[in-house]
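*Asks:* My structure is stored as query16.txt, with compact mmCIF, C-alpha atoms.
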# COMPACT_ATOMS: atom_id res chain seq x y z
CA MET N 1281 0.00 0.00 0.00
CA LYS N 1282 1.43 3.40 -0.97
CA SER N 1283 2.21 5.30 2.19
CA ASP N 1284 -0.52 7.59 3.54
CA PRO N 1285 0.02 9.01 7.07
CA VAL N 1286 -3.51 8.33 8.31
CA LEU N 1287 -3.96 4.89 6.73
CA GLU N 1288 -0.41 3.90 7.68
CA LYS N 1289 -1.04 4.75 11.34
CA ALA N 1290 -4.25 2.72 11.37
CA ALA N 1291 -2.51 -0.22 9.70
CA ILE N 1292 0.37 -0.18 12.21
CA LEU N 1293 -2.07 -0.15 15.14
CA ALA N 1294 -3.99 -3.06 13.60
CA LYS N 1295 -0.75 -5.00 13.13
CA ARG N 1296 -0.21 -4.59 16.87
CA LYS N 1297 -3.74 -5.94 17.48
CA ASN N 1298 -4.89 -2.50 18.67
CA PHE N 1299 -8.03 -2.75 16.56
CA GLU N 1300 -10.10 -0.33 18.64
CA ASN N 1301 -7.83 2.65 17.98
CA ALA N 1302 -7.25 1.59 14.38
CA PHE N 1303 -11.00 1.67 13.74
CA LYS N 1304 -11.32 5.01 15.55
CA ILE N 1305 -8.78 6.59 13.18
CA LEU N 1306 -10.49 5.16 10.11
CA LYS N 1307 -14.03 6.08 11.16
CA ASP N 1308 -12.98 9.66 12.00
CA GLU N 1309 -11.66 10.06 8.44
CA GLU N 1310 -14.50 8.29 6.59
CA ASP N 1311 -15.77 11.43 4.82
CA ARG N 1312 -12.28 12.39 3.71
CA TYR N 1313 -11.66 9.04 2.04
CA ASN N 1314 -15.08 8.64 0.42
CA GLY N 1315 -14.62 6.58 -2.75
CA SER N 1316 -11.01 5.62 -1.91
CA PHE N 1317 -10.05 2.05 -2.75
CA LYS N 1318 -7.16 2.05 -0.26
CA TYR N 1319 -9.43 3.20 2.57
CA TYR N 1320 -12.16 0.64 1.88
CA TYR N 1321 -9.64 -2.16 1.41
CA LEU N 1322 -7.75 -1.34 4.61
CA PHE N 1323 -10.98 -1.03 6.62
CA GLY N 1324 -12.13 -4.38 5.25
CA ILE N 1325 -8.82 -6.17 5.92
CA ILE N 1326 -8.59 -4.82 9.48
CA SER N 1327 -12.21 -5.89 10.06
CA LEU N 1328 -11.32 -9.35 8.75
CA HIS N 1329 -8.35 -9.71 11.10
CA SER N 1330 -10.35 -8.35 14.06
CA GLY N 1331 -13.19 -10.82 13.52
CA SER N 1332 -15.74 -8.19 12.42
CA PHE N 1333 -16.80 -10.25 9.43
CA VAL N 1334 -19.97 -8.32 8.55
CA GLU N 1335 -18.07 -5.05 8.25
CA ALA N 1336 -15.25 -6.86 6.46
CA HIS N 1337 -17.62 -8.07 3.77
CA GLU N 1338 -19.27 -4.64 3.42
CA TYR N 1339 -16.05 -2.66 2.98
CA LEU N 1340 -14.31 -5.27 0.84
CA GLN N 1341 -17.33 -5.17 -1.49
CA TYR N 1342 -16.85 -1.39 -1.74
CA ALA N 1343 -13.19 -1.94 -2.61
CA TRP N 1344 -14.02 -4.69 -5.12
CA ARG N 1345 -16.47 -2.45 -6.99
CA ILE N 1346 -13.67 0.07 -7.51
CA LYS N 1347 -11.00 -2.51 -8.43
CA PRO N 1348 -12.72 -5.79 -9.32
CA LYS N 1349 -9.43 -7.41 -10.35
CA ASP N 1350 -7.37 -6.65 -7.25
CA PRO N 1351 -5.99 -10.04 -6.08
CA ASN N 1352 -5.88 -9.28 -2.35
CA THR N 1353 -9.46 -8.01 -2.32
CA MET N 1354 -10.58 -11.22 -4.02
CA LEU N 1355 -8.59 -13.34 -1.53
CA ALA N 1356 -10.26 -11.58 1.37
CA LEU N 1357 -13.75 -12.00 -0.08
CA ALA N 1358 -12.99 -15.63 -0.88
CA VAL N 1359 -12.10 -16.47 2.70
CA LEU N 1360 -15.31 -14.80 3.90
CA PHE N 1361 -17.34 -17.07 1.61
CA LEU N 1362 -15.25 -20.05 2.71
CA ARG N 1363 -16.06 -19.20 6.32
CA ARG N 1364 -19.77 -19.45 5.41
CA SER N 1365 -19.04 -22.82 3.72
CA ASN N 1366 -19.99 -21.27 0.38
CA THR N 1367 -17.20 -23.08 -1.45
CA VAL N 1368 -18.62 -22.38 -4.92
CA LYS N 1369 -18.14 -18.64 -4.64
CA ALA N 1370 -14.88 -19.02 -2.73
CA VAL N 1371 -13.45 -21.18 -5.50
CA ASP N 1372 -14.57 -18.60 -8.10
CA TYR N 1373 -12.49 -15.95 -6.36
CA TYR N 1374 -9.46 -18.19 -5.89
CA LEU N 1375 -9.48 -19.26 -9.54
CA ASP N 1376 -9.71 -15.62 -10.65
CA VAL N 1377 -6.67 -14.82 -8.51
CA LEU N 1378 -4.71 -17.69 -10.04
CA GLU N 1379 -5.54 -16.45 -13.53
CA MET N 1380 -3.51 -13.35 -12.68
CA GLN N 1381 -0.99 -14.85 -10.24
CA ARG N 1382 -0.48 -18.54 -10.94
CA LYS N 1383 1.86 -18.98 -7.96
CA ASN N 1384 -0.25 -17.14 -5.40
CA LYS N 1385 0.35 -19.13 -2.22
CA ILE N 1386 -2.90 -18.27 -0.42
CA ALA N 1387 -5.10 -19.18 -3.40
CA ASN N 1388 -3.23 -22.43 -4.05
CA ASP N 1389 -3.32 -23.43 -0.37
CA ALA N 1390 -7.02 -22.62 -0.12
CA LEU N 1391 -7.93 -24.73 -3.15
CA LYS N 1392 -5.94 -27.66 -1.75
CA ILE N 1393 -7.83 -27.36 1.53
CA ILE N 1394 -11.20 -27.22 -0.24
CA ARG N 1395 -10.35 -30.29 -2.34
CA LYS N 1396 -9.13 -32.22 0.69
CA ASN N 1397 -12.19 -31.30 2.78
CA SER N 1398 -14.85 -31.42 0.08
CA ALA N 1399 -17.55 -32.79 2.39
CA PRO N 1400 -19.34 -30.05 4.42
CA GLU N 1401 -18.67 -31.88 7.70
CA ALA N 1402 -14.95 -32.18 6.95
CA LEU N 1403 -14.66 -28.53 5.99
CA SER N 1404 -16.52 -27.43 9.12
CA GLU N 1405 -14.20 -29.56 11.26
CA TRP N 1406 -11.11 -28.10 9.57
CA MET N 1407 -12.29 -24.50 9.91
CA THR N 1408 -10.82 -23.34 13.20
CA PRO N 1409 -10.08 -19.59 13.63
CA ASP N 1410 -6.30 -20.17 13.58
CA ARG N 1411 -6.41 -22.19 10.36
CA LEU N 1412 -8.75 -19.75 8.65
CA GLU N 1413 -6.53 -16.82 9.61
CA LYS N 1414 -3.68 -18.30 7.57
CA LEU N 1415 -5.77 -17.60 4.46
CA PHE N 1416 -6.22 -13.90 5.32
CA PRO N 1417 -4.31 -11.39 3.18
CA PRO N 1418 -1.89 -9.48 5.44
CA ILE N 1419 -2.64 -6.02 6.78
CA PRO N 1420 -0.73 -3.72 4.36
CA VAL N 1421 2.00 -1.76 6.14
CA SER N 1422 5.03 -0.12 4.53
CA ILE N 1423 8.24 -1.96 5.36
CA VAL N 1424 10.49 1.10 5.55
CA ASN N 1425 10.04 3.62 8.34
CA GLN N 1426 7.77 6.36 7.06
CA ARG N 1427 9.65 9.23 8.70
CA SER N 1428 12.87 8.10 7.05
CA ILE N 1429 11.16 7.97 3.69
CA ILE N 1430 9.73 11.47 4.08
CA THR N 1431 13.09 12.89 5.13
CA ALA N 1432 14.90 11.25 2.23
CA VAL N 1433 12.28 12.26 -0.30
CA CYS N 1434 12.22 15.88 0.90
CA SER N 1435 16.00 16.13 0.71
CA LEU N 1436 16.08 14.62 -2.76
CA ALA N 1437 13.21 16.82 -3.92
CA ALA N 1438 15.00 19.94 -2.72
CA ILE N 1439 18.16 19.00 -4.63
CA ILE N 1440 16.19 18.21 -7.79
CA ALA N 1441 14.17 21.43 -7.52
CA ILE N 1442 17.27 23.60 -7.19
CA THR N 1443 19.04 21.85 -10.06
CA LEU N 1444 15.98 21.94 -12.27
CA GLY N 1445 15.40 25.60 -11.49
CA ILE N 1446 18.93 26.49 -12.60
CA LEU N 1447 18.59 24.48 -15.81
CA LEU N 1448 15.22 26.06 -16.63
CA LEU N 1449 16.45 29.60 -15.95
CA THR N 1450 19.46 29.09 -18.18
CA LYS N 1451 17.20 27.36 -20.76
CA THR N 1452 19.58 24.42 -20.80
CA ILE N 1453 16.56 22.11 -20.94
CA PRO N 1454 12.97 22.67 -22.15
CA ASN N 1455 10.27 23.13 -19.53
CA PRO N 1456 9.14 19.58 -18.65
CA PHE N 1457 5.87 20.84 -17.17
CA LYS N 1458 4.57 22.00 -20.56
CA SER N 1459 3.04 18.82 -21.80
CA HIS N 1460 0.50 18.36 -24.58
CA ASN N 1461 -1.19 15.81 -22.34
CA ALA N 1462 -1.55 18.17 -19.41
CA ARG N 1463 -4.99 19.02 -18.16
CA PRO N 1464 -6.03 21.80 -18.46
CA SER N 1465 -4.32 23.45 -21.45
CA GLU N 1466 -4.57 26.87 -23.01
CA GLU N 1467 -5.88 25.38 -26.23
CA TYR N 1468 -9.16 24.41 -24.54
CA VAL N 1469 -9.96 27.82 -23.06
CA LEU N 1470 -12.57 29.91 -24.83
CA SER N 1471 -11.35 33.09 -26.50
CA SER N 1472 -13.15 36.41 -26.19
CA GLN N 1473 -14.50 35.99 -29.72
CA GLU N 1474 -15.84 32.50 -28.95
CA ARG N 1475 -17.56 33.92 -25.88
CA LYS N 1476 -18.97 36.79 -27.91
CA ASP N 1477 -20.68 34.65 -30.55
CA PRO N 1478 -21.27 31.23 -28.96
CA ILE N 1479 -24.43 30.27 -30.90
CA GLU N 1480 -25.81 30.18 -34.44
CA THR N 1481 -29.12 31.70 -35.44
CA GLY N 1482 -31.47 29.83 -37.75
CA GLY N 1483 -31.34 26.20 -38.80
CA LEU N 1484 -32.67 22.95 -37.35
CA TYR N 1485 -31.02 21.54 -34.24
CA ARG N 1486 -31.77 18.81 -31.75
CA TYR N 1487 -31.16 21.19 -28.83
CA ILE N 1488 -31.62 24.96 -28.72
CA LEU N 1489 -29.35 26.78 -26.26
CA THR N 1490 -29.03 30.40 -25.23
CA SER N 1491 -25.59 32.04 -25.34
CA SER N 1492 -25.11 31.67 -21.59
CA GLN N 1493 -26.28 28.04 -21.68
CA ALA N 1494 -23.83 27.16 -24.47
CA ILE N 1495 -20.87 28.74 -22.67
CA SER N 1496 -21.89 27.22 -19.33
CA LEU N 1497 -22.29 23.75 -20.87
CA TYR N 1498 -18.85 23.90 -22.48
CA GLU N 1499 -17.14 25.15 -19.32
CA ARG N 1500 -18.88 22.49 -17.22
CA SER N 1501 -17.65 19.84 -19.68
CA LEU N 1502 -14.13 21.30 -19.59
CA SER N 1503 -14.17 21.17 -15.79
CA LEU N 1504 -15.16 17.50 -15.89
CA PHE N 1505 -12.45 16.81 -18.48
CA THR N 1506 -9.75 18.45 -16.35
CA SER N 1507 -10.94 16.31 -13.43
CA TYR N 1508 -10.45 13.18 -15.57
CA ARG N 1509 -14.19 12.51 -15.64
CA ASP N 1510 -14.13 11.96 -19.39
CA GLU N 1511 -17.40 10.07 -19.77
CA ALA N 1512 -19.39 12.76 -17.96
CA ALA N 1513 -17.63 15.42 -20.04
CA LYS N 1514 -18.56 13.63 -23.29
CA ILE N 1515 -22.28 13.90 -22.52
CA GLY N 1516 -22.15 17.69 -22.32
CA LEU N 1517 -19.88 17.95 -25.36
CA ASN N 1518 -22.19 15.74 -27.43
CA ARG N 1519 -25.12 17.93 -26.45
CA LEU N 1520 -23.19 20.96 -27.70
CA LEU N 1521 -22.46 19.25 -31.01
CA GLU N 1522 -26.17 18.50 -31.47
CA SER N 1523 -27.18 22.07 -30.60
CA ASN N 1524 -27.15 25.51 -32.17
CA ALA N 1525 -23.73 26.23 -30.64
CA GLY N 1526 -21.40 28.13 -32.99
CA GLU N 1527 -18.85 26.29 -35.12
CA ALA N 1528 -15.94 27.71 -33.12
CA LEU N 1529 -17.42 26.36 -29.89
CA LYS N 1530 -18.10 23.00 -31.55
CA SER N 1531 -14.49 22.84 -32.74
CA LYS N 1532 -13.34 23.23 -29.15
CA ALA N 1533 -15.77 20.48 -28.12
CA ARG N 1534 -14.37 18.13 -30.79
CA LEU N 1535 -10.83 18.90 -29.62
CA LEU N 1536 -11.75 17.88 -26.08
CA LEU N 1537 -13.41 14.70 -27.32
CA GLU N 1538 -10.29 13.76 -29.28
CA ASN N 1539 -8.22 13.94 -26.09
CA THR N 1540 -10.42 11.80 -23.86
CA GLU N 1541 -9.05 8.43 -22.78
CA VAL N 1542 -10.40 4.89 -22.94
CA PRO N 1543 -11.15 3.72 -19.37
CA GLY N 1544 -10.56 0.31 -17.84
CA PHE N 1545 -12.52 -1.41 -15.09
CA ASP N 1546 -10.05 0.00 -12.55
CA THR N 1547 -10.16 3.62 -13.83
CA PHE N 1548 -13.82 3.90 -14.81
CA LYS N 1549 -15.74 6.43 -12.69
CA ARG N 1550 -18.79 4.41 -11.68
CA ASP N 1551 -20.60 7.53 -10.44
CA ASP N 1552 -20.64 8.75 -14.06
CA ASN N 1553 -22.04 5.48 -15.42
CA PRO N 1554 -25.24 6.24 -17.40
CA SER N 1555 -28.16 3.86 -17.12
CA TYR N 1556 -29.56 1.95 -20.09
CA THR N 1557 -32.80 3.92 -19.79
CA ASN N 1558 -31.04 7.28 -20.01
CA VAL N 1559 -29.08 6.18 -23.08
CA LYS N 1560 -32.16 4.74 -24.79
CA ASN N 1561 -34.18 7.90 -24.14
CA GLU N 1562 -31.49 10.30 -25.39
CA PRO N 1563 -28.95 8.37 -27.48
CA ALA N 1564 -27.50 11.38 -29.30
CA VAL N 1565 -25.76 12.76 -26.20
CA TYR N 1566 -24.30 9.37 -25.25
CA ARG N 1567 -22.53 8.69 -28.55
CA ASN N 1568 -19.02 7.26 -27.89
CA VAL N 1569 -19.57 7.37 -24.12
CA HIS N 1570 -18.22 4.35 -22.25
CA VAL N 1571 -20.51 2.43 -19.91
CA ILE N 1572 -20.33 -0.57 -17.63
CA TRP N 1573 -23.57 -2.51 -17.73
CA ARG N 1574 -24.42 -5.79 -16.06
CA GLY N 1575 -26.51 -8.56 -17.60
CA MET N 1576 -26.38 -11.86 -19.48
CA ALA N 1577 -25.05 -12.84 -22.91
CA THR N 1578 -26.96 -14.83 -25.50
CA ASN N 1579 -26.54 -15.72 -29.18
CA VAL N 1580 -22.76 -15.66 -28.84
CA GLU N 1581 -20.80 -15.95 -32.10
CA LEU N 1582 -17.04 -16.41 -31.78
CA SER N 1583 -14.36 -16.30 -34.49
CA GLU N 1584 -10.64 -15.61 -34.67
CA GLU N 1585 -11.31 -11.98 -35.56
CA LYS N 1586 -14.24 -10.98 -33.39
CA THR N 1587 -16.92 -11.92 -30.86
CA THR N 1588 -20.54 -10.82 -31.07
CA PHE N 1589 -23.49 -11.43 -28.77
CA ASP N 1590 -26.81 -10.01 -27.68
CA PHE N 1591 -26.47 -8.41 -24.27
CA LEU N 1592 -29.50 -8.77 -21.98
CA VAL N 1593 -28.98 -5.60 -19.96
CA GLY N 1594 -30.18 -5.79 -16.36
CA TYR N 1595 -30.95 -9.49 -16.58
CA ASP N 1596 -28.11 -10.56 -14.30
CA THR N 1597 -30.72 -11.10 -11.56
CA ARG N 1598 -32.96 -13.09 -13.97
CA LYS N 1599 -35.83 -10.84 -12.90
CA THR N 1600 -35.75 -7.63 -14.94
CA LEU N 1601 -34.76 -7.12 -18.57
CA GLU N 1602 -34.01 -3.46 -19.33
CA GLY N 1603 -33.19 -4.03 -22.99
CA ILE N 1604 -31.20 -6.02 -25.54
CA VAL N 1605 -28.02 -4.46 -26.96
CA PRO N 1606 -25.80 -6.01 -29.67
CA VAL N 1607 -22.14 -6.13 -28.54
CA THR N 1608 -19.06 -6.57 -30.73
CA PHE N 1609 -15.50 -7.26 -29.61
CA ASN N 1610 -12.79 -7.06 -32.29
CA LYS N 1611 -11.11 -10.10 -30.78
CA PRO N 1612 -12.09 -13.56 -29.56
CA VAL N 1613 -13.55 -13.40 -26.04
CA SER N 1614 -14.48 -16.35 -23.84
CA ILE N 1615 -18.03 -15.99 -22.49
CA ASN N 1616 -20.07 -18.27 -20.25
CA THR N 1617 -23.71 -17.75 -21.18
CA GLU N 1618 -24.85 -19.34 -17.92
CA ARG N 1619 -23.35 -16.63 -15.73
CA PRO N 1620 -23.86 -12.87 -15.36
CA LEU N 1621 -21.23 -10.54 -16.74
CA GLU N 1622 -20.26 -6.91 -16.77
CA VAL N 1623 -19.42 -5.33 -20.12
CA LEU N 1624 -17.27 -2.24 -20.45
CA GLY N 1625 -18.08 -0.83 -23.87
CA LYS N 1626 -18.42 2.29 -25.99
CA ILE N 1627 -21.89 3.31 -27.13
CA ALA N 1628 -22.37 3.47 -30.89
CA VAL N 1629 -25.52 5.16 -32.20
CA ALA N 1630 -27.21 4.41 -35.53
CA LEU N 1631 -27.72 7.25 -38.01
CA SER N 1632 -31.42 7.14 -37.23
CA TYR N 1633 -30.64 7.74 -33.54
CA THR N 1634 -32.96 4.89 -32.63
CA ASP N 1635 -30.72 1.86 -32.18
CA ILE N 1636 -27.66 1.59 -29.97
CA THR N 1637 -24.86 -0.97 -29.91
CA LEU N 1638 -21.77 -1.47 -27.77
CA GLU N 1639 -18.20 -1.65 -29.05
CA GLY N 1640 -16.67 -3.94 -26.45
CA VAL N 1641 -13.58 -2.91 -24.49
CA ALA N 1642 -13.47 -5.49 -21.69
CA ILE N 1643 -15.56 -8.12 -19.92
CA HIS N 1644 -15.70 -9.05 -16.29
CA GLN N 1645 -17.42 -12.35 -15.58
CA SER N 1646 -17.46 -14.53 -12.51
CA GLY N 1647 -19.92 -16.54 -10.50
CA ARG N 1648 -19.65 -14.01 -7.70
CA LEU N 1649 -21.60 -11.49 -9.80
CA GLU N 1650 -24.61 -13.63 -8.90
CA ASN N 1651 -24.15 -12.55 -5.30
Go ahead and express the file in the form of structure tokens.

*Replies:*
Amino acid sequence: MKSDPVLEKAAILAKRKNFENAFKILKDEEDRYNGSFKYYYLFGIISLHSGSFVEAHEYLQYAWRIKPKDPNTMLALAVLFLRRSNTVKAVDYYLDVLEMQRKNKIANDALKIIRKNSAPEALSEWMTPDRLEKLFPPIPVSIVNQRSIITAVCSLAAIIAITLGILLLTKTIPNPFKSHNARPSEEYVLSSQERKDPIETGGLYRYILTSSQAISLYERSLSLFTSYRDEAAKIGLNRLLESNAGEALKSKARLLLENTEVPGFDTFKRDDNPSYTNVKNEPAVYRNVHVIWRGMATNVELSEEKTTFDFLVGYDTRKTLEGIVPVTFNKPVSINTERPLEVLGKIAVALSYTDITLEGVAIHQSGRLEN
């Protein structure tokens, strides 16, 4: 775990079995770390080691939703299911860990134990607290003394800053802080002329905006972009492109769209995840926006070049079907049609603006999604 003074202190106390004070530190800082994977994971692991299994499951689930492929989070959730004698879901987690880390000792040991004690009575007899604890991921604490690290880093930073300052002043090297990838950049800021004439008059448009609305919508989208909330920014930018905004403003919007990044499961901002209903009701503004939707796959067709299937959105619970969306991956993808899955994909909109499809980016599938 990358060193953080608050989390490090809580972890050290937990290592010393001082769980009461460790939890006090974490609970006092809960608002500050809202949405933080490291906070949720640490809270869950400390709860696991302290025997607070209900809280452990709750916080580890929070962590898993942020990073569903983190091996230690999966190990911790697996042992919680094993403790409940739910070996099916425990095995799912352990196998997922071994897909990423074939030599993971905890996962390998756990699977050997499950195979050896396959009968419920045998597993229950084996499952003493001391034995189960050997399958817990360790509480993450930095090995090197934190104060020493801070001192060394500060000293090194001071030396680098002085040297870099001299080189920049003498123009011996170019300014490394001027990067075309930096956010924000001068090229995205509206000029006085663009602010003066932000809209077109006349013509047919999907959305009609006032001058202040057009400028406000662009600046809101730019703010989201600079905060690395690309998918939320795209929605506003698409609305501008479908509106009576002036061509200069639309050019800026296209420039922003060109510089957005493709997310992964670990970087996707789930709070910005649009629902199927929202996309279906207003597809024009969700064009090229990435989503993560949960459901089931059917009519799977697999070849060496691509994989296609019909995605039953919302049907992961087998109770509600929100809609059916065709999905295409430009590569072969292994899919189990008997299990729920999450699809990370980019929305493609037909010219008629009636039908939507998904261009697949990644799939996450495991039996634990049924939980």

*Asks:* One decimal, in Å: what's the spacing between atom CA of N:Trp1573 and atom CA of N:Lys1560?

*Replies:*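 According to the coordinates, atom CA of N:Trp1573 and atom CA of N:Lys1560 are separated by 13.3 Å.
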
*Asks:* Smallest atom-to-atom distance to N:Lys1297: which of N:Ser1327, N:Asn1524, N:Ser1632, N:Asn1610, using all atoms listed in the file?

*Replies:*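 Of all the options, N:Ser1327 lies closest to N:Lys1297.
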
*Asks:* List the neighbours of N:Tyr1339 out to 12 Å using only C-alpha atoms; skip same-chain residues closer than 5 positions along the sequence, and give me the result as a list in words.

*Replies:* Leu1306, Glu1310, Asn1314, Gly1315, Ser1316, Phe1317, Lys1318, Tyr1319, Tyr1320, Tyr1321, Leu1322, Phe1323, Gly1324, Ile1325, Ile1326, Ser1327, Leu1328, Ser1332, Phe1333, Val1334, Trp1344, Arg1345, Ile1346, Thr1353, Ala1356 and Leu1357 of chain N

*Asks:* Rounded to one decimal, what separation in Å do you get between atom CA of N:Leu1536 and atom CA of N:Phe1505?

*Replies:*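 Value for the atom CA of N:Leu1536-atom CA of N:Phe1505 distance: 7.7 Å.
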
*Asks:* For atom CA of N:Met1354 and atom CA of N:Leu1375, quote the distance in Å rounded to one decimal.

*Replies:*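 Taking atom CA of N:Met1354 as the start and atom CA of N:Leu1375 as the end point, the length is 9.8 Å.
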
*Asks:* I need every residue sitting at most 12 Å from the point (-16.0, 23.4, -17.5) (coordinates as in the file, all atoms listed in the file considered), written as an NGL selection string.

*Replies:* :N and (1463-1464 or 1468-1470 or 1494-1510 or 1512-1514 or 1516-1517 or 1532-1533 or 1536)

*Asks:* Put those residues in a file: C-alpha atoms, as a short mmCIF file (atom, residue, chain, number, x, y, z; two decimals), in the coordinates of the input.

*Replies:*
data_model
loop_
_atom_site.label_atom_id
_atom_site.label_comp_id
_atom_site.auth_asym_id
_atom_site.auth_seq_id
_atom_site.Cartn_x
_atom_site.Cartn_y
_atom_site.Cartn_z
CA ARG N 1463 -4.99 19.02 -18.16
CA PRO N 1464 -6.03 21.80 -18.46
CA TYR N 1468 -9.16 24.41 -24.54
CA VAL N 1469 -9.96 27.82 -23.06
CA LEU N 1470 -12.57 29.91 -24.83
CA ALA N 1494 -23.83 27.16 -24.47
CA ILE N 1495 -20.87 28.74 -22.67
CA SER N 1496 -21.89 27.22 -19.33
CA LEU N 1497 -22.29 23.75 -20.87
CA TYR N 1498 -18.85 23.90 -22.48
CA GLU N 1499 -17.14 25.15 -19.32
CA ARG N 1500 -18.88 22.49 -17.22
CA SER N 1501 -17.65 19.84 -19.68
CA LEU N 1502 -14.13 21.30 -19.59
CA SER N 1503 -14.17 21.17 -15.79
CA LEU N 1504 -15.16 17.50 -15.89
CA PHE N 1505 -12.45 16.81 -18.48
CA THR N 1506 -9.75 18.45 -16.35
CA SER N 1507 -10.94 16.31 -13.43
CA TYR N 1508 -10.45 13.18 -15.57
CA ARG N 1509 -14.19 12.51 -15.64
CA ASP N 1510 -14.13 11.96 -19.39
CA ALA N 1512 -19.39 12.76 -17.96
CA ALA N 1513 -17.63 15.42 -20.04
CA LYS N 1514 -18.56 13.63 -23.29
CA GLY N 1516 -22.15 17.69 -22.32
CA LEU N 1517 -19.88 17.95 -25.36
CA LYS N 1532 -13.34 23.23 -29.15
CA ALA N 1533 -15.77 20.48 -28.12
CA LEU N 1536 -11.75 17.88 -26.08
#

*Asks:* May I ask which of the residues N:Arg1486, N:Lys1549, N:Glu1474, N:Pro1285 is the closest one to N:Ala1528, counting all atoms listed in the file?

*Replies:*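 Using all atoms listed in the file, N:Ala1528 sits closest to N:Glu1474.
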
*Asks:* Check the smallest atom-to-atom distance from each of N:Asn1298, N:Thr1637, N:Ser1365, N:Ser1583 to N:Lys1611 using all atoms listed in the file, then report the winner.

*Replies:* N:Ser1583

*Asks:* Taking all atoms listed in the file into account, which of N:Ile1479, N:Val1593, N:Ile1393, N:Ala1358 comes nearest N:Asp1372?

*Replies:*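 Among the listed residues, the smallest separation from N:Asp1372 belongs to N:Ala1358.
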
*Asks:* So, counting all atoms listed in the file, which residue among N:Asp1311, N:Val1421, N:Tyr1566, N:Glu1541 is closest to N:Lys1289?

*Replies:*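 Using all atoms listed in the file, N:Lys1289 sits closest to N:Val1421.
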
*Asks:* For stretch 1368-1380 of chain N, what centre and edge lengths in Å (one decimal) does the axis-aligned box get once 3 Å is added on each side of all its listed atoms, as lines of an AutoDock Vina configuration file?

*Replies:*
center_x = -11.1
center_y = -17.9
center_z = -8.1
size_x = 21.1
size_y = 15.0
size_z = 16.8

*Asks:* From the list N:Glu1562, N:Asp1410, N:Glu1622, N:Asp1477, which residue is nearest N:Asn1518 when using all atoms listed in the file?

*Replies:*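 Of the candidates, the smallest distance to N:Asn1518 is held by N:Glu1562.
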
*Asks:* Residues at most 10 Å from N:Pro1554, counting only C-alpha atoms, excluding those fewer than 5 positions away in the same chain, as a list of chain:residue names?

*Replies:*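 The residues satisfying every condition are N:Glu1511, N:Ala1512, N:Ile1515, N:Val1559, N:Tyr1566, N:Val1569, N:His1570, N:Val1571, N:Ile1572, N:Trp1573.
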
*Asks:* Can you find the residues with an atom no farther than 12 Å from (-13.2, -5.7, -27.7), counting all atoms listed in the file, and report them as a CSV table (one decimal) with C-alpha atoms, keeping the file's coordinate frame?

*Replies:*
chain,number,residue,atom,x,y,z
N,1542,VAL,CA,-10.4,4.9,-22.9
N,1544,GLY,CA,-10.6,0.3,-17.8
N,1585,GLU,CA,-11.3,-12.0,-35.6
N,1586,LYS,CA,-14.2,-11.0,-33.4
N,1587,THR,CA,-16.9,-11.9,-30.9
N,1588,THR,CA,-20.5,-10.8,-31.1
N,1589,PHE,CA,-23.5,-11.4,-28.8
N,1607,VAL,CA,-22.1,-6.1,-28.5
N,1608,THR,CA,-19.1,-6.6,-30.7
N,1609,PHE,CA,-15.5,-7.3,-29.6
N,1610,ASN,CA,-12.8,-7.1,-32.3
N,1611,LYS,CA,-11.1,-10.1,-30.8
N,1612,PRO,CA,-12.1,-13.6,-29.6
N,1613,VAL,CA,-13.6,-13.4,-26.0
N,1614,SER,CA,-14.5,-16.4,-23.8
N,1623,VAL,CA,-19.4,-5.3,-20.1
N,1624,LEU,CA,-17.3,-2.2,-20.4
N,1625,GLY,CA,-18.1,-0.8,-23.9
N,1626,LYS,CA,-18.4,2.3,-26.0
N,1638,LEU,CA,-21.8,-1.5,-27.8
N,1639,GLU,CA,-18.2,-1.6,-29.0
N,1640,GLY,CA,-16.7,-3.9,-26.4
N,1641,VAL,CA,-13.6,-2.9,-24.5
N,1642,ALA,CA,-13.5,-5.5,-21.7
N,1643,ILE,CA,-15.6,-8.1,-19.9
